[in-house]
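entry-v2.tsv (TSV, C-alpha atoms) appears below.
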```
chain	number	residue	atom	x	y	z
J	1	MET	CA	0.00	0.00	0.00
J	2	GLU	CA	2.82	2.35	0.82
J	3	ARG	CA	4.53	1.67	-2.52
J	4	THR	CA	1.30	2.30	-4.47
J	5	THR	CA	0.73	5.61	-2.69
J	6	HIS	CA	4.27	6.72	-3.52
J	7	ARG	CA	3.78	5.84	-7.18
J	8	LYS	CA	0.56	7.86	-7.35
J	9	PHE	CA	2.36	10.83	-5.78
J	10	LEU	CA	5.08	10.67	-8.43
J	11	CYS	CA	2.50	10.57	-11.25
J	12	ALA	CA	0.62	13.51	-9.78
J	13	THR	CA	3.85	15.49	-9.39
J	14	ALA	CA	4.86	14.77	-12.99
J	15	GLY	CA	1.44	15.91	-14.20
J	16	LEU	CA	1.75	19.16	-12.26
J	17	LEU	CA	5.18	19.86	-13.73
J	18	LEU	CA	3.93	19.14	-17.26
J	19	THR	CA	0.95	21.47	-16.82
J	20	THR	CA	3.16	24.25	-15.45
J	21	ALA	CA	5.72	23.88	-18.24
J	22	SER	CA	3.13	23.94	-21.00
J	23	ARG	CA	1.39	27.08	-19.73
J	24	ALA	CA	2.10	29.90	-22.16
J	25	GLN	CA	3.72	33.11	-20.97
J	26	THR	CA	1.64	36.31	-20.94
J	27	TYR	CA	2.98	39.76	-21.80
J	28	THR	CA	1.47	43.23	-21.40
J	29	GLN	CA	2.15	46.51	-23.14
J	30	PRO	CA	4.11	48.94	-20.92
J	31	THR	CA	2.78	52.44	-20.25
J	32	VAL	CA	6.02	54.27	-19.42
J	33	GLY	CA	9.49	54.15	-20.89
J	34	VAL	CA	12.67	52.95	-19.21
J	35	GLN	CA	14.95	55.80	-18.07
J	36	ASN	CA	12.97	58.51	-19.89
J	37	THR	CA	13.00	56.71	-23.24
J	38	TYR	CA	10.16	55.27	-25.32
J	39	THR	CA	11.40	51.73	-24.66
J	40	GLY	CA	8.82	50.22	-22.33
J	41	ALA	CA	10.43	46.83	-21.68
J	42	CYS	CA	13.44	44.70	-22.54
J	43	MET	CA	13.25	42.85	-25.83
J	44	VAL	CA	11.73	39.36	-25.51
J	45	THR	CA	12.78	36.39	-27.64
J	46	THR	CA	9.98	33.84	-27.82
J	47	CYS	CA	7.82	31.83	-30.19
J	48	SER	CA	4.76	31.54	-27.95
J	49	GLY	CA	2.63	33.53	-25.53
J	50	THR	CA	-0.29	35.91	-25.27
J	51	PHE	CA	0.17	39.66	-25.59
J	52	TYR	CA	-2.30	42.11	-24.01
J	53	ASP	CA	-2.57	45.85	-23.61
J	54	ASN	CA	-1.53	46.95	-20.10
J	55	GLY	CA	-5.01	46.19	-18.73
J	56	GLY	CA	-4.44	42.47	-19.21
J	57	ALA	CA	-7.14	39.96	-20.09
J	58	ALA	CA	-10.04	41.78	-18.38
J	59	GLY	CA	-9.11	45.45	-17.90
J	60	ASN	CA	-9.04	48.54	-20.10
J	61	TYR	CA	-5.81	50.11	-21.27
J	62	ALA	CA	-4.37	53.16	-19.50
J	63	ALA	CA	-4.79	56.82	-20.39
J	64	ASN	CA	-1.99	59.13	-21.55
J	65	VAL	CA	0.43	56.55	-22.94
J	66	ASN	CA	2.94	58.33	-25.18
J	67	ASN	CA	4.34	56.17	-28.02
J	68	ILE	CA	5.72	53.52	-25.67
J	69	PHE	CA	6.93	50.40	-27.48
J	70	ARG	CA	8.12	46.86	-26.86
J	71	THR	CA	9.70	44.30	-29.19
J	72	PHE	CA	9.31	40.56	-29.65
J	73	CYS	CA	11.83	38.54	-31.65
J	74	PRO	CA	12.01	34.83	-32.56
J	75	ASN	CA	14.11	32.55	-30.35
J	76	ALA	CA	15.12	30.24	-33.20
J	77	PRO	CA	16.96	30.86	-36.49
J	78	GLY	CA	15.03	31.02	-39.75
J	79	MET	CA	11.81	32.10	-38.02
J	80	CYS	CA	9.73	35.31	-37.98
J	81	MET	CA	7.31	36.56	-35.35
J	82	ARG	CA	3.57	36.39	-35.95
J	83	ALA	CA	0.82	38.07	-33.90
J	84	THR	CA	-2.75	36.81	-34.30
J	85	PHE	CA	-5.27	39.17	-32.71
J	86	THR	CA	-8.16	37.38	-31.03
J	87	SER	CA	-9.83	40.55	-29.71
J	88	PHE	CA	-9.47	44.26	-30.47
J	89	SER	CA	-11.40	47.26	-29.10
J	90	MET	CA	-9.84	50.70	-29.52
J	91	ASN	CA	-12.27	52.77	-31.60
J	92	ASP	CA	-11.71	56.14	-29.89
J	93	GLN	CA	-11.88	58.80	-32.61
J	94	ASP	CA	-12.27	62.56	-32.64
J	95	PHE	CA	-11.84	65.33	-35.19
J	96	PHE	CA	-9.11	66.88	-33.01
J	97	CYS	CA	-7.01	63.68	-32.80
J	98	PHE	CA	-4.28	62.96	-35.30
J	99	GLY	CA	-3.24	59.32	-34.92
J	100	GLY	CA	-3.74	56.24	-37.02
J	101	VAL	CA	-3.88	55.77	-40.76
J	102	GLY	CA	-7.02	57.92	-41.10
J	103	GLY	CA	-5.73	60.69	-38.88
J	104	PHE	CA	-8.60	60.79	-36.35
J	105	CYS	CA	-7.55	58.13	-33.81
J	106	CYS	CA	-7.08	59.35	-30.23
J	107	ASP	CA	-5.85	55.92	-29.08
J	108	TYR	CA	-4.02	53.74	-31.59
J	109	LEU	CA	-1.67	50.80	-31.98
J	110	GLN	CA	1.23	50.61	-34.41
J	111	ILE	CA	2.84	47.30	-35.37
J	112	LEU	CA	6.29	47.75	-36.86
J	113	ASN	CA	8.23	45.40	-39.13
J	114	GLY	CA	11.53	45.30	-37.25
J	115	PRO	CA	13.23	45.58	-33.86
J	116	VAL	CA	13.22	49.36	-33.31
J	117	GLN	CA	10.64	52.10	-32.76
J	118	ASN	CA	11.09	53.57	-36.25
J	119	SER	CA	10.84	50.33	-38.22
J	120	PRO	CA	8.33	50.40	-41.13
J	121	ALA	CA	4.68	50.16	-40.07
J	122	LEU	CA	2.65	47.07	-40.93
J	123	TYR	CA	-0.40	48.37	-39.04
J	124	ASN	CA	-1.32	51.85	-37.79
J	125	ASP	CA	-4.95	52.23	-36.77
J	126	CYS	CA	-7.63	52.13	-34.06
J	127	ILE	CA	-10.68	50.80	-35.93
J	128	ALA	CA	-10.23	47.47	-37.71
J	129	SER	CA	-8.44	44.65	-35.92
J	130	PRO	CA	-4.91	44.00	-37.18
J	131	GLY	CA	-5.94	40.37	-37.73
J	132	THR	CA	-2.76	38.37	-38.31
J	133	VAL	CA	0.51	40.29	-38.69
J	134	THR	CA	3.77	38.57	-39.63
J	135	ALA	CA	7.29	40.02	-39.64
J	136	SER	CA	9.24	40.01	-42.90
J	137	ASN	CA	12.61	41.50	-42.03
J	138	PRO	CA	16.12	40.07	-41.38
J	139	SER	CA	15.66	40.22	-37.59
J	140	GLY	CA	12.28	38.43	-37.66
J	141	CYS	CA	11.07	40.89	-35.00
J	142	LEU	CA	7.80	42.76	-34.47
J	143	THR	CA	7.59	45.99	-32.47
J	144	PHE	CA	4.35	47.25	-30.88
J	145	ARG	CA	3.98	50.97	-30.20
J	146	PHE	CA	0.93	52.31	-28.36
J	147	THR	CA	-0.51	55.79	-27.81
J	148	SER	CA	-3.60	56.87	-25.84
J	149	ASP	CA	-5.10	60.17	-24.70
J	150	ALA	CA	-7.01	61.07	-21.51
J	151	SER	CA	-10.58	60.87	-22.81
J	152	ILE	CA	-11.75	57.24	-23.22
J	153	GLN	CA	-10.13	53.94	-22.24
J	154	LEU	CA	-11.39	50.76	-23.95
J	155	PRO	CA	-10.68	46.99	-23.57
J	156	GLY	CA	-7.73	47.10	-26.00
J	157	TRP	CA	-6.37	43.88	-27.46
J	158	SER	CA	-5.37	40.28	-27.03
J	159	ALA	CA	-2.95	38.64	-29.46
J	160	THR	CA	-1.41	35.19	-29.68
J	161	LEU	CA	2.34	35.23	-30.39
J	162	SER	CA	3.94	32.53	-32.53
J	163	CYS	CA	6.71	32.01	-35.06
J	164	VAL	CA	6.60	30.89	-38.69
J	165	PRO	CA	9.42	29.77	-41.02
J	166	CYS	CA	10.87	32.80	-42.75
J	167	ALA	CA	13.42	32.62	-45.56
J	168	GLY	CA	14.82	36.05	-44.71
J	169	GLY	CA	14.72	35.56	-40.93
J	170	PRO	CA	17.61	35.65	-38.46
J	171	THR	CA	20.47	33.18	-38.34
J	172	GLY	CA	21.99	31.65	-35.23
J	173	GLY	CA	25.57	31.79	-34.01
J	174	THR	CA	26.35	35.29	-35.34
J	175	ASN	CA	27.49	38.59	-33.85
J	176	SER	CA	23.83	39.43	-33.28
J	177	ASP	CA	24.03	37.50	-29.99
J	178	CYS	CA	26.51	38.40	-27.27
J	179	ALA	CA	27.53	34.75	-26.84
J	180	PHE	CA	28.95	34.75	-30.38
J	181	ALA	CA	30.33	38.28	-30.49
J	182	THR	CA	33.65	38.85	-32.28
J	183	PRO	CA	36.18	40.45	-29.90
J	184	VAL	CA	37.82	43.59	-31.29
J	185	CYS	CA	41.14	44.22	-29.59
J	186	ASN	CA	42.93	46.54	-32.02
J	187	ASP	CA	42.42	48.78	-35.02
J	188	ALA	CA	41.44	46.33	-37.77
J	189	PRO	CA	38.70	46.05	-40.44
J	190	LEU	CA	35.58	44.15	-39.37
J	191	ALA	CA	33.27	42.74	-42.05
J	192	ASP	CA	30.79	40.79	-39.91
J	193	ALA	CA	27.52	42.73	-39.74
J	194	SER	CA	24.79	42.11	-37.18
J	195	PRO	CA	21.35	42.18	-38.87
J	196	GLY	CA	19.19	42.67	-35.80
J	197	PRO	CA	19.26	41.89	-32.07
J	198	GLY	CA	19.67	38.11	-32.40
J	199	ILE	CA	17.71	35.13	-31.13
J	200	THR	CA	18.70	35.37	-27.45
J	201	ALA	CA	17.38	38.08	-25.13
J	202	GLU	CA	20.17	39.13	-22.78
J	203	GLY	CA	17.94	41.57	-20.89
J	204	CYS	CA	18.54	45.25	-20.18
J	205	SER	CA	21.51	44.85	-17.85
J	206	GLY	CA	25.05	45.58	-18.89
```

Translate this file's structure into structure tokens.
Amino acid sequence: MERTTHRKFLCATAGLLLTTASRAQTYTQPTVGVQNTYTGACMVTTCSGTFYDNGGAAGNYAANVNNIFRTFCPNAPGMCMRATFTSFSMNDQDFFCFGGVGGFCCDYLQILNGPVQNSPALYNDCIASPGTVTASNPSGCLTFRFTSDASIQLPGWSATLSCVPCAGGPTGGTNSDCAFATPVCNDAPLADASPGPGITAEGCSG
């Protein structure tokens, strides 16, 4: 009887570990920048997860967010980020607002094709849902930049993050990741470019 009980405990423990490991990570859009910049959070390298506005799964987004952005990049070579929006509510328009593709959005989301805040826009609006947006740049990254005013706060968005094979996506083992950086110890030509931030997120330290 004692042996059977022990075996059941091991099975239950293994099931708990499997459930915890398979639970997808959730991410939220920041509302303020780090050290007075527009960068709201460290870059994340992932191929799974759910991305919400700062209100999370059930809350509304915040007021007075000023072009704060965050970036997601693939964590495997030859892949590009994809965001599939499962909900979207941000239709706050006014004649005196100037955001979005139509020019009347007071609150709006921009999805950029690259790893920096001035990468080309794939989406820039507040009315129609972005649907499914896929990166097509050498870094494989998508950047999300959000702006809101003080008037109305709505439920915002929920998007599923994933990766898809991408012929022009990032490669592994290059200078793009610190672990494979080429040391430069003297004045010499260097012909090894780094097309993007790499497939490993080192964080904001250092």

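Proximity ranking of J:Gly196, J:Gly78, J:Pro155, J:Gly168 relative to Ser136 (chain J) places J:Gly168 first, based on all atoms listed in the file.
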
Subject >> Separation of CA of Asn137 (chain J) from CA of Pro183 (chain J), in Å and rounded to one decimal >> reply: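 Taking CA of Asn137 (chain J) and CA of Pro183 (chain J), their separation equals 26.5 Å.
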
Would you tabulate, counting only C-alpha atoms, all residues of region 153-192 of chain J that have an atom at most 12 Å from an atom of region 110-121 of chain J, showing the closest pair of atoms and their distance in Å to one decimal, sorted by chain then ascending number, as a tab-separated table?
```
residue	atom	partner	partner_atom	distance
J:Ala159	CA	J:Ile111	CA	12.0
J:Gly169	CA	J:Gly114	CA	10.9
J:Pro170	CA	J:Gly114	CA	11.5
```

Subject >> Distance in Å - CA of Ala41 (chain J) versus CA of Phe69 (chain J) >> reply: 7.7 Å

Original post:
Excluding same-chain residues fewer than 2 positions from Cys126 (chain J), what lies within 7 Å of it counting all atoms listed in the file, as a PyMOL selection string?
Top reply: chain J and resi 90-91+100+105+107-109+128

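Reported to one decimal place, the separation of CA of Pro197 (chain J) from CA of Asp177 (chain J) is 6.8 Å.
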
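Distances to Gly156 (chain J) were evaluated for J:Ala58, J:Leu142, J:Ile199, J:Leu190 using all atoms listed in the file, and the minimum falls at J:Ala58.
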
**OP:** For Ile152 (chain J), work out the shell of residues within 9 Å, counting all atoms listed in the file and skipping chain neighbours fewer than 5 positions away, then give it as a PyMOL selection string.
**Re:** chain J and resi 63+92+106-107

Subject >> Proximity to Cys141 (chain J) - best of J:Cys73, J:Cys163, J:Ile68, J:Cys185, all atoms listed in the file >> reply: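 Nearest candidate to Cys141 (chain J) out of J:Cys73, J:Cys163, J:Ile68, J:Cys185: J:Cys73.
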
Original post:
In terms of the shortest atom-to-atom distance over all atoms listed in the file, which of J:Cys166, J:Cys42, J:Ala83, J:Cys178 is closest to Val133 (chain J)?
Top reply: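 Comparing J:Cys166, J:Cys42, J:Ala83, J:Cys178 against Val133 (chain J), the winner is J:Ala83.
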
Subject >> Nearest to Thr39 (chain J), chosen from J:Gln153, J:Gln25, J:Thr84, J:Asn67, with all atoms listed in the file counted in the distances >> reply: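 With all atoms listed in the file as the atom set, the closest residue is J:Asn67.
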
Starting from the sparse input, extend region 163-174 of chain J to all heavy atoms and give the output as a short mmCIF file (atom, residue, chain, number, x, y, z; two decimals), in the frame of the given file.
```cif
data_model
loop_
_atom_site.label_atom_id
_atom_site.label_comp_id
_atom_site.auth_asym_id
_atom_site.auth_seq_id
_atom_site.Cartn_x
_atom_site.Cartn_y
_atom_site.Cartn_z
N CYS J 163 5.68 31.84 -34.05
CA CYS J 163 6.71 32.01 -35.06
C CYS J 163 6.37 31.17 -36.28
O CYS J 163 5.77 30.10 -36.15
CB CYS J 163 8.08 31.61 -34.53
SG CYS J 163 8.74 32.70 -33.24
N VAL J 164 6.78 31.64 -37.45
CA VAL J 164 6.60 30.89 -38.69
C VAL J 164 7.93 30.86 -39.43
O VAL J 164 8.74 31.77 -39.30
CB VAL J 164 5.50 31.52 -39.57
CG1 VAL J 164 4.14 31.42 -38.90
CG2 VAL J 164 5.82 32.97 -39.89
N PRO J 165 8.19 29.80 -40.23
CA PRO J 165 9.42 29.77 -41.02
C PRO J 165 9.50 30.98 -41.94
O PRO J 165 8.51 31.41 -42.52
CB PRO J 165 9.27 28.47 -41.83
CG PRO J 165 8.35 27.62 -41.02
CD PRO J 165 7.38 28.58 -40.37
N CYS J 166 10.68 31.54 -42.03
CA CYS J 166 10.87 32.80 -42.75
C CYS J 166 12.21 32.75 -43.46
O CYS J 166 13.26 32.71 -42.80
CB CYS J 166 10.81 33.95 -41.74
SG CYS J 166 11.02 35.58 -42.42
N ALA J 167 12.18 32.76 -44.78
CA ALA J 167 13.42 32.62 -45.56
C ALA J 167 14.42 33.73 -45.25
O ALA J 167 15.63 33.51 -45.24
CB ALA J 167 13.08 32.61 -47.05
N GLY J 168 13.92 34.94 -44.99
CA GLY J 168 14.82 36.05 -44.71
C GLY J 168 15.01 36.32 -43.24
O GLY J 168 15.47 37.39 -42.86
N GLY J 169 14.64 35.36 -42.37
CA GLY J 169 14.72 35.56 -40.93
C GLY J 169 16.13 35.49 -40.39
O GLY J 169 17.09 35.31 -41.13
N PRO J 170 16.28 35.60 -39.08
CA PRO J 170 17.61 35.65 -38.46
C PRO J 170 18.33 34.31 -38.53
O PRO J 170 17.72 33.27 -38.69
CB PRO J 170 17.29 36.02 -37.01
CG PRO J 170 15.92 35.47 -36.78
CD PRO J 170 15.20 35.64 -38.07
N THR J 171 19.64 34.38 -38.40
CA THR J 171 20.47 33.18 -38.34
C THR J 171 21.07 33.06 -36.96
O THR J 171 21.24 34.06 -36.25
CB THR J 171 21.60 33.22 -39.40
OG1 THR J 171 22.37 34.41 -39.19
CG2 THR J 171 21.02 33.26 -40.80
N GLY J 172 21.40 31.86 -36.54
CA GLY J 172 21.99 31.65 -35.23
C GLY J 172 23.51 31.68 -35.27
O GLY J 172 24.12 31.54 -36.33
N GLY J 173 24.12 31.86 -34.12
CA GLY J 173 25.57 31.79 -34.01
C GLY J 173 26.31 32.94 -34.65
O GLY J 173 27.44 32.78 -35.11
N THR J 174 25.69 34.14 -34.72
CA THR J 174 26.35 35.29 -35.34
C THR J 174 26.60 36.37 -34.29
O THR J 174 26.23 36.26 -33.14
CB THR J 174 25.48 35.87 -36.47
OG1 THR J 174 24.30 36.45 -35.89
CG2 THR J 174 25.07 34.80 -37.46
#
```
